[in-house]
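Text of entry_31.cif, listed as mmCIF, C-alpha atoms:
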```
data_start
#
loop_
_atom_site.label_atom_id
_atom_site.label_comp_id
_atom_site.auth_asym_id
_atom_site.auth_seq_id
_atom_site.Cartn_x
_atom_site.Cartn_y
_atom_site.Cartn_z
CA MET A 1 -5.13 -100.33 156.77
CA LEU A 2 -3.29 -103.65 157.23
CA GLU A 3 -3.68 -104.56 153.57
CA ARG A 4 -2.16 -101.25 152.53
CA MET A 5 0.72 -101.71 154.98
CA VAL A 6 1.72 -104.92 153.20
CA GLY A 7 1.34 -103.52 149.70
CA GLY A 8 -2.31 -104.16 148.95
CA GLY A 9 -3.78 -102.06 146.15
CA ASP A 10 -0.78 -100.38 144.59
CA GLY A 11 2.01 -102.74 145.64
CA GLU A 12 3.75 -100.16 147.80
CA ARG A 13 4.72 -101.70 151.13
CA ASP A 14 4.97 -99.74 154.38
CA ARG A 15 8.71 -99.41 155.00
CA LEU A 16 8.11 -99.52 158.73
CA THR A 17 7.48 -103.25 158.30
CA GLU A 18 11.19 -103.60 157.48
CA PHE A 19 11.84 -102.74 161.13
CA SER A 20 8.75 -103.99 162.91
CA VAL A 21 6.97 -107.32 162.58
CA ALA A 22 3.54 -108.31 163.82
CA THR A 23 4.00 -111.44 165.88
CA SER A 24 0.37 -111.87 166.83
CA GLY A 25 -2.95 -110.26 166.16
CA ALA A 26 -6.65 -110.90 166.14
CA TRP A 27 -10.00 -109.26 165.53
CA TYR A 28 -12.57 -108.93 168.22
CA VAL A 29 -16.11 -107.67 168.30
CA THR A 30 -16.39 -105.84 171.59
CA PRO A 31 -20.03 -105.51 172.59
CA PRO A 32 -21.31 -102.61 174.65
CA VAL A 33 -21.52 -103.16 178.40
CA ASP A 34 -25.35 -103.28 178.45
CA LEU A 35 -25.30 -106.13 175.95
CA LEU A 36 -22.78 -108.03 178.06
CA GLY A 37 -25.13 -107.81 180.99
CA ALA A 38 -28.12 -109.14 179.05
CA MET B 39 -8.37 -88.18 202.57
CA ALA B 40 -9.72 -88.75 199.07
CA MET B 41 -9.08 -92.13 197.51
CA PRO B 42 -6.89 -91.98 194.41
CA GLN B 43 -8.42 -92.83 191.06
CA PRO B 44 -7.91 -96.48 190.10
CA GLY B 45 -4.99 -97.07 187.79
CA ILE B 46 -4.63 -99.46 184.88
CA PHE B 47 -3.59 -102.31 187.18
CA ASP B 48 -6.64 -101.84 189.36
CA LEU B 49 -8.96 -101.57 186.36
CA GLY B 50 -7.43 -104.69 184.84
CA ARG B 51 -8.08 -106.67 188.00
CA LEU B 52 -11.61 -105.30 188.14
CA ALA B 53 -12.26 -106.32 184.52
CA VAL B 54 -10.96 -109.84 185.16
CA ALA B 55 -13.20 -110.13 188.20
CA GLU B 56 -16.26 -108.75 186.43
CA LEU B 57 -15.86 -111.17 183.51
CA SER B 58 -14.96 -114.17 185.60
CA GLY B 59 -18.34 -115.83 185.03
CA VAL B 60 -18.00 -115.81 181.26
CA ALA B 61 -14.29 -115.54 180.45
CA VAL B 62 -10.82 -116.23 181.80
CA LEU B 63 -7.67 -114.22 181.21
CA ALA B 64 -5.62 -116.25 178.72
CA SER B 65 -2.64 -113.92 178.20
CA GLU B 66 -1.50 -110.42 178.96
CA GLN B 67 1.26 -108.01 178.01
CA THR B 68 2.38 -105.36 180.44
CA CYS B 69 3.05 -102.12 178.56
CA PHE B 70 3.92 -98.54 179.36
CA VAL B 71 3.62 -95.10 177.82
CA TYR B 72 7.04 -94.08 176.58
CA ARG B 73 8.10 -90.46 177.11
CA ALA B 74 5.48 -88.04 175.77
CA SER B 75 3.30 -90.73 174.16
CA GLN B 76 6.06 -91.75 171.78
CA ASP B 77 6.82 -95.05 170.15
CA LEU B 78 10.14 -96.61 171.20
CA THR B 79 11.56 -95.38 167.90
CA GLY B 80 11.18 -91.88 169.35
CA PHE B 81 8.42 -90.81 166.97
CA GLU B 82 5.14 -89.53 168.37
CA ASP B 83 2.40 -92.11 168.39
CA GLY B 84 -1.24 -91.73 167.42
CA THR B 85 -0.89 -88.62 165.30
CA GLU B 86 -3.45 -89.85 162.78
CA ASN B 87 -6.12 -90.24 165.43
CA PRO B 88 -9.29 -88.18 165.14
CA PRO B 89 -9.64 -85.33 167.66
CA VAL B 90 -10.98 -86.25 171.09
CA ASP B 91 -14.48 -84.93 170.40
CA GLU B 92 -14.73 -87.23 167.37
CA ALA B 93 -12.97 -90.23 168.87
CA LEU B 94 -16.07 -91.93 170.26
CA SER B 95 -17.92 -91.91 166.94
CA ALA B 96 -14.77 -92.99 165.11
CA ALA B 97 -14.22 -95.94 167.43
CA THR B 98 -17.71 -97.27 168.05
CA ILE B 99 -20.62 -98.79 166.15
CA GLU B 100 -23.25 -96.16 165.47
CA PRO B 101 -26.76 -96.25 167.00
CA GLY B 102 -29.29 -98.40 165.20
CA ARG B 103 -26.82 -101.06 164.12
CA PRO B 104 -26.30 -104.41 165.82
CA CYS B 105 -23.94 -104.05 168.78
CA ALA B 106 -24.41 -100.27 168.77
CA GLY B 107 -22.00 -98.64 171.20
CA GLY B 108 -19.59 -101.54 170.87
CA SER B 109 -16.63 -101.64 168.61
CA VAL B 110 -14.65 -103.75 166.20
CA ALA B 111 -11.22 -104.04 167.77
CA LEU B 112 -7.92 -105.06 166.27
CA LEU B 113 -5.25 -106.10 168.74
CA GLN B 114 -1.72 -106.70 167.51
CA ARG B 115 1.71 -107.21 168.99
CA TRP B 116 4.57 -105.69 166.99
CA VAL B 117 8.23 -106.47 167.68
CA HIS B 118 10.66 -103.76 166.66
CA ASP B 119 14.20 -103.98 165.33
CA LEU B 120 15.24 -100.90 167.28
CA ASP B 121 18.93 -101.42 166.60
CA GLY B 122 18.34 -101.60 162.85
CA PHE B 123 16.11 -98.53 162.87
CA GLY B 124 18.40 -96.65 165.20
CA VAL B 125 21.43 -96.75 162.94
CA LEU B 126 19.55 -94.93 160.16
CA GLU B 127 20.05 -91.22 159.68
CA VAL B 128 17.17 -89.18 161.09
CA GLY B 129 16.24 -88.05 157.58
CA GLU B 130 15.85 -91.67 156.50
CA GLN B 131 13.80 -92.45 159.59
CA GLU B 132 11.53 -89.53 158.75
CA GLN B 133 11.07 -90.83 155.20
CA ILE B 134 9.99 -94.17 156.64
CA MET B 135 7.58 -92.63 159.13
CA GLY B 136 6.38 -89.79 156.92
CA ARG B 137 6.77 -87.30 159.76
CA THR B 138 9.55 -85.30 161.31
CA LEU B 139 11.10 -86.68 164.47
CA ALA B 140 11.47 -83.49 166.49
CA GLU B 141 8.13 -81.81 165.79
CA SER B 142 6.06 -84.72 164.44
CA ILE B 143 5.11 -82.64 161.41
CA GLU B 144 3.76 -84.66 158.51
CA LEU B 145 5.94 -84.39 155.41
CA ASP B 146 4.51 -82.30 152.57
CA GLU B 147 2.49 -84.23 150.02
CA GLU B 148 5.02 -83.63 147.26
CA VAL B 149 7.83 -85.23 149.25
CA GLN B 150 5.77 -87.80 151.15
CA PRO B 151 6.95 -91.27 150.03
CA ALA B 152 4.23 -93.70 148.94
CA THR B 153 5.95 -96.24 151.18
CA SER B 154 5.93 -94.12 154.36
CA HIS B 155 3.90 -95.29 157.33
CA VAL B 156 1.72 -92.19 157.08
CA SER B 157 0.93 -92.93 153.44
CA ARG B 158 0.01 -96.53 154.10
CA VAL B 159 -2.23 -96.12 157.16
CA VAL B 160 -4.39 -93.29 155.85
CA ILE B 161 -7.26 -95.05 154.11
CA GLU B 162 -10.24 -93.80 152.13
CA ASP B 163 -13.61 -95.26 151.26
CA ASP B 164 -15.01 -95.58 147.73
CA GLU B 165 -16.07 -91.89 147.80
CA GLY B 166 -12.60 -90.72 148.76
CA GLU B 167 -13.57 -89.94 152.36
CA GLU B 168 -10.94 -90.80 154.94
CA MET B 169 -11.95 -93.77 157.10
CA GLU B 170 -11.13 -93.15 160.74
CA VAL B 171 -9.61 -95.76 163.01
CA PHE B 172 -8.90 -94.87 166.61
CA ARG B 173 -5.46 -96.29 167.43
CA ARG B 174 -3.60 -96.58 170.64
CA SER B 175 -0.18 -98.15 171.03
CA THR B 176 1.75 -98.74 174.21
CA SER B 177 5.28 -100.06 174.46
CA PHE B 178 6.93 -103.10 175.97
CA ARG B 179 10.60 -103.90 176.19
CA SER B 180 13.22 -106.05 177.80
CA VAL B 181 16.64 -104.89 178.87
CA GLY B 182 18.26 -106.99 176.16
CA CYS B 183 16.25 -105.22 173.46
CA ARG B 184 15.29 -108.56 171.86
CA ASN B 185 11.69 -108.38 173.00
CA THR B 186 10.86 -104.81 172.27
CA GLY B 187 7.90 -103.29 170.54
CA CYS B 188 4.35 -102.15 170.94
CA SER B 189 0.88 -103.46 171.45
CA LEU B 190 -1.62 -101.83 169.12
CA LEU B 191 -5.32 -101.50 169.76
CA GLY B 192 -7.34 -100.19 166.84
CA SER B 193 -11.05 -99.51 167.21
CA ALA B 194 -13.53 -98.74 164.46
CA PRO B 195 -17.24 -99.15 163.68
CA THR B 196 -16.47 -101.85 161.11
CA GLY B 197 -13.62 -104.18 160.33
CA HIS B 198 -13.28 -102.70 156.86
CA ALA B 199 -11.22 -99.69 157.94
CA CYS B 200 -8.62 -101.78 159.74
CA ASN B 201 -8.35 -104.49 157.11
#
```
As structure tokens, please, write out the structure in this file.
Amino acid sequence: MLERMVGGGDGERDRLTEFSVATSGAWYVTPPVDLLGA
Amino acid sequence: MAMPQPGIFDLGRLAVAELSGVAVLASEQTCFVYRASQDLTGFEDGTENPPVDEALSAATIEPGRPCAGGSVALLQRWVHDLDGFGVLEVGEQEQIMGRTLAESIELDEEVQPATSHVSRVVIEDDEGEEMEVFRRSTSFRSVGCRNTGCSLLGSAPTGHACN
């Protein structure tokens, strides 16, 4: 999704990025609650 | 008298307390739901989400895989140029979003720009099947409009769909 928003694949960039900029972001693996309690 | 259901603030405090043995809160962004679940641009948010009865499977790792029931989450902070977007004609805004403003109807395929937001966030796997990502955005803003935007949480069974 993010790659396509910045023109990945066909070079077409999401025009919304002309008016909105990601200033931070990160990936997280969110484990299920029962695993957290293990 | 029945106790009211806990709100987001209460749940946030509970989560911080529950995780206090293994994690500390490093940063937070207070957000709100704008109007009828709209982005601050005025367009409806989350229209590409799967229906509620499919949301859990779209957002979580399927049984039998490591971390089953968990999720791969993408958290982003987007800052909007609301003034710049706001001076555009509604028709131009709709071309950028790929949906109508008033009814949130997706533009027909033959007039849907390849550069619209709708076109760019709908993704397919190698077999042409649409890959679901459950997205939820909430808004933040300051009075001066210089710190205005949304926090996005995307959840999926793998990181591939969000990449």
Checklist entry - the PyMOL selection byres ((chain A) within 8 of (chain B)) on the file shown: which residues, as JSON, numbers by chain? => result {"A": [1, 2, 3, 4, 5, 12, 13, 14, 15, 16, 19, 20, 21, 22, 23, 24, 25, 26, 27, 28, 29, 30, 31, 32, 33, 35]}
Put those residues in a file: C-alpha atoms, as a PDB file, in the coordinates of the input.
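Once written, selection.pdb looks like this:
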```
ATOM      1  CA  MET A   1      -5.130-100.330 156.770  1.00  0.00           C
ATOM      2  CA  LEU A   2      -3.290-103.650 157.230  1.00  0.00           C
ATOM      3  CA  GLU A   3      -3.680-104.560 153.570  1.00  0.00           C
ATOM      4  CA  ARG A   4      -2.160-101.250 152.530  1.00  0.00           C
ATOM      5  CA  MET A   5       0.720-101.710 154.980  1.00  0.00           C
ATOM      6  CA  GLU A  12       3.750-100.160 147.800  1.00  0.00           C
ATOM      7  CA  ARG A  13       4.720-101.700 151.130  1.00  0.00           C
ATOM      8  CA  ASP A  14       4.970 -99.740 154.380  1.00  0.00           C
ATOM      9  CA  ARG A  15       8.710 -99.410 155.000  1.00  0.00           C
ATOM     10  CA  LEU A  16       8.110 -99.520 158.730  1.00  0.00           C
ATOM     11  CA  PHE A  19      11.840-102.740 161.130  1.00  0.00           C
ATOM     12  CA  SER A  20       8.750-103.990 162.910  1.00  0.00           C
ATOM     13  CA  VAL A  21       6.970-107.320 162.580  1.00  0.00           C
ATOM     14  CA  ALA A  22       3.540-108.310 163.820  1.00  0.00           C
ATOM     15  CA  THR A  23       4.000-111.440 165.880  1.00  0.00           C
ATOM     16  CA  SER A  24       0.370-111.870 166.830  1.00  0.00           C
ATOM     17  CA  GLY A  25      -2.950-110.260 166.160  1.00  0.00           C
ATOM     18  CA  ALA A  26      -6.650-110.900 166.140  1.00  0.00           C
ATOM     19  CA  TRP A  27     -10.000-109.260 165.530  1.00  0.00           C
ATOM     20  CA  TYR A  28     -12.570-108.930 168.220  1.00  0.00           C
ATOM     21  CA  VAL A  29     -16.110-107.670 168.300  1.00  0.00           C
ATOM     22  CA  THR A  30     -16.390-105.840 171.590  1.00  0.00           C
ATOM     23  CA  PRO A  31     -20.030-105.510 172.590  1.00  0.00           C
ATOM     24  CA  PRO A  32     -21.310-102.610 174.650  1.00  0.00           C
ATOM     25  CA  VAL A  33     -21.520-103.160 178.400  1.00  0.00           C
ATOM     26  CA  LEU A  35     -25.300-106.130 175.950  1.00  0.00           C
TER      27      LEU A  35
END
```
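Computed from the coordinates, the CA of Leu52 in chain B to CA of Pro89 in chain B distance equals 28.7 Å.
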Item to check | Picked residues, the PyMOL selection byres ((chain B and resi 140) around 12), as a ChimeraX atom specification | outcome: /B:74,76,79-82,128-129,131-132,137-139,141-144
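Picture a line from CA of Ser177 in chain B to CA of Cys69 in chain B; it runs 5.1 Å.
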Checklist outcome for this item: Pairwise distance, CA of Asp163 in chain B with CA of Gly9 in chain A, equals 13.0 Å
Using the partial input, fill out range 13-38 of chain A with N, CA, C and O atoms; write the result as a tab-separated table (two decimals), in the frame of the given file.
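As written to disk, out35.tsv reads:
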```
chain	number	residue	atom	x	y	z
A	13	ARG	N	4.73	-101.17	149.78
A	13	ARG	CA	4.72	-101.70	151.13
A	13	ARG	C	5.19	-100.64	152.14
A	13	ARG	O	6.10	-99.86	151.84
A	14	ASP	N	4.57	-100.64	153.29
A	14	ASP	CA	4.97	-99.74	154.38
A	14	ASP	C	6.41	-100.08	154.80
A	14	ASP	O	6.68	-101.19	155.26
A	15	ARG	N	7.31	-99.13	154.67
A	15	ARG	CA	8.71	-99.41	155.00
A	15	ARG	C	8.92	-99.66	156.49
A	15	ARG	O	9.95	-100.24	156.88
A	16	LEU	N	7.96	-99.25	157.30
A	16	LEU	CA	8.11	-99.52	158.73
A	16	LEU	C	8.11	-101.03	159.00
A	16	LEU	O	8.69	-101.48	159.99
A	17	THR	N	7.50	-101.79	158.10
A	17	THR	CA	7.48	-103.25	158.30
A	17	THR	C	8.86	-103.88	158.06
A	17	THR	O	9.04	-105.06	158.32
A	18	GLU	N	9.80	-103.09	157.56
A	18	GLU	CA	11.19	-103.60	157.48
A	18	GLU	C	11.82	-103.64	158.87
A	18	GLU	O	12.83	-104.33	159.08
A	19	PHE	N	11.25	-102.88	159.80
A	19	PHE	CA	11.84	-102.74	161.13
A	19	PHE	C	10.89	-103.16	162.25
A	19	PHE	O	11.24	-103.07	163.42
A	20	SER	N	9.70	-103.56	161.90
A	20	SER	CA	8.75	-103.99	162.91
A	20	SER	C	7.87	-105.09	162.32
A	20	SER	O	7.39	-104.96	161.19
A	21	VAL	N	7.70	-106.15	163.07
A	21	VAL	CA	6.97	-107.32	162.58
A	21	VAL	C	5.84	-107.66	163.54
A	21	VAL	O	6.04	-107.69	164.76
A	22	ALA	N	4.67	-107.89	162.98
A	22	ALA	CA	3.54	-108.31	163.82
A	22	ALA	C	3.70	-109.78	164.17
A	22	ALA	O	3.75	-110.63	163.28
A	23	THR	N	3.81	-110.05	165.45
A	23	THR	CA	4.00	-111.44	165.88
A	23	THR	C	2.70	-112.09	166.33
A	23	THR	O	2.64	-113.30	166.49
A	24	SER	N	1.68	-111.31	166.54
A	24	SER	CA	0.37	-111.87	166.83
A	24	SER	C	-0.67	-110.80	166.56
A	24	SER	O	-0.36	-109.60	166.50
A	25	GLY	N	-1.89	-111.23	166.39
A	25	GLY	CA	-2.95	-110.26	166.16
A	25	GLY	C	-4.26	-110.97	165.95
A	25	GLY	O	-4.30	-112.12	165.51
A	26	ALA	N	-5.33	-110.31	166.30
A	26	ALA	CA	-6.65	-110.90	166.14
A	26	ALA	C	-7.70	-109.79	166.14
A	26	ALA	O	-7.47	-108.69	166.64
A	27	TRP	N	-8.83	-110.14	165.54
A	27	TRP	CA	-10.00	-109.26	165.53
A	27	TRP	C	-10.93	-109.64	166.66
A	27	TRP	O	-11.07	-110.82	166.98
A	28	TYR	N	-11.56	-108.66	167.21
A	28	TYR	CA	-12.57	-108.93	168.22
A	28	TYR	C	-13.76	-108.00	168.00
A	28	TYR	O	-13.57	-106.84	167.63
A	29	VAL	N	-14.94	-108.53	168.21
A	29	VAL	CA	-16.11	-107.67	168.30
A	29	VAL	C	-16.33	-107.42	169.77
A	29	VAL	O	-16.52	-108.36	170.55
A	30	THR	N	-16.24	-106.18	170.17
A	30	THR	CA	-16.39	-105.84	171.59
A	30	THR	C	-17.77	-105.24	171.80
A	30	THR	O	-18.04	-104.12	171.37
A	31	PRO	N	-18.66	-106.00	172.41
A	31	PRO	CA	-20.03	-105.51	172.59
A	31	PRO	C	-20.10	-104.42	173.64
A	31	PRO	O	-19.21	-104.32	174.50
A	32	PRO	N	-21.15	-103.62	173.60
A	32	PRO	CA	-21.31	-102.61	174.65
A	32	PRO	C	-21.62	-103.29	175.98
A	32	PRO	O	-22.10	-104.42	176.01
A	33	VAL	N	-21.37	-102.58	177.06
A	33	VAL	CA	-21.52	-103.16	178.40
A	33	VAL	C	-22.95	-103.64	178.62
A	33	VAL	O	-23.17	-104.72	179.19
A	34	ASP	N	-23.96	-102.87	178.17
A	34	ASP	CA	-25.35	-103.28	178.45
A	34	ASP	C	-25.70	-104.59	177.75
A	34	ASP	O	-26.50	-105.38	178.25
A	35	LEU	N	-25.05	-104.86	176.64
A	35	LEU	CA	-25.30	-106.13	175.95
A	35	LEU	C	-24.62	-107.28	176.70
A	35	LEU	O	-25.16	-108.39	176.76
A	36	LEU	N	-23.47	-107.00	177.28
A	36	LEU	CA	-22.78	-108.03	178.06
A	36	LEU	C	-23.63	-108.46	179.26
A	36	LEU	O	-23.62	-109.61	179.66
A	37	GLY	N	-24.34	-107.51	179.81
A	37	GLY	CA	-25.13	-107.81	180.99
A	37	GLY	C	-26.46	-108.47	180.70
A	37	GLY	O	-27.16	-108.91	181.61
A	38	ALA	N	-26.82	-108.57	179.42
A	38	ALA	CA	-28.12	-109.14	179.05
A	38	ALA	C	-28.14	-110.65	179.23
A	38	ALA	O	-27.12	-111.30	179.16
```
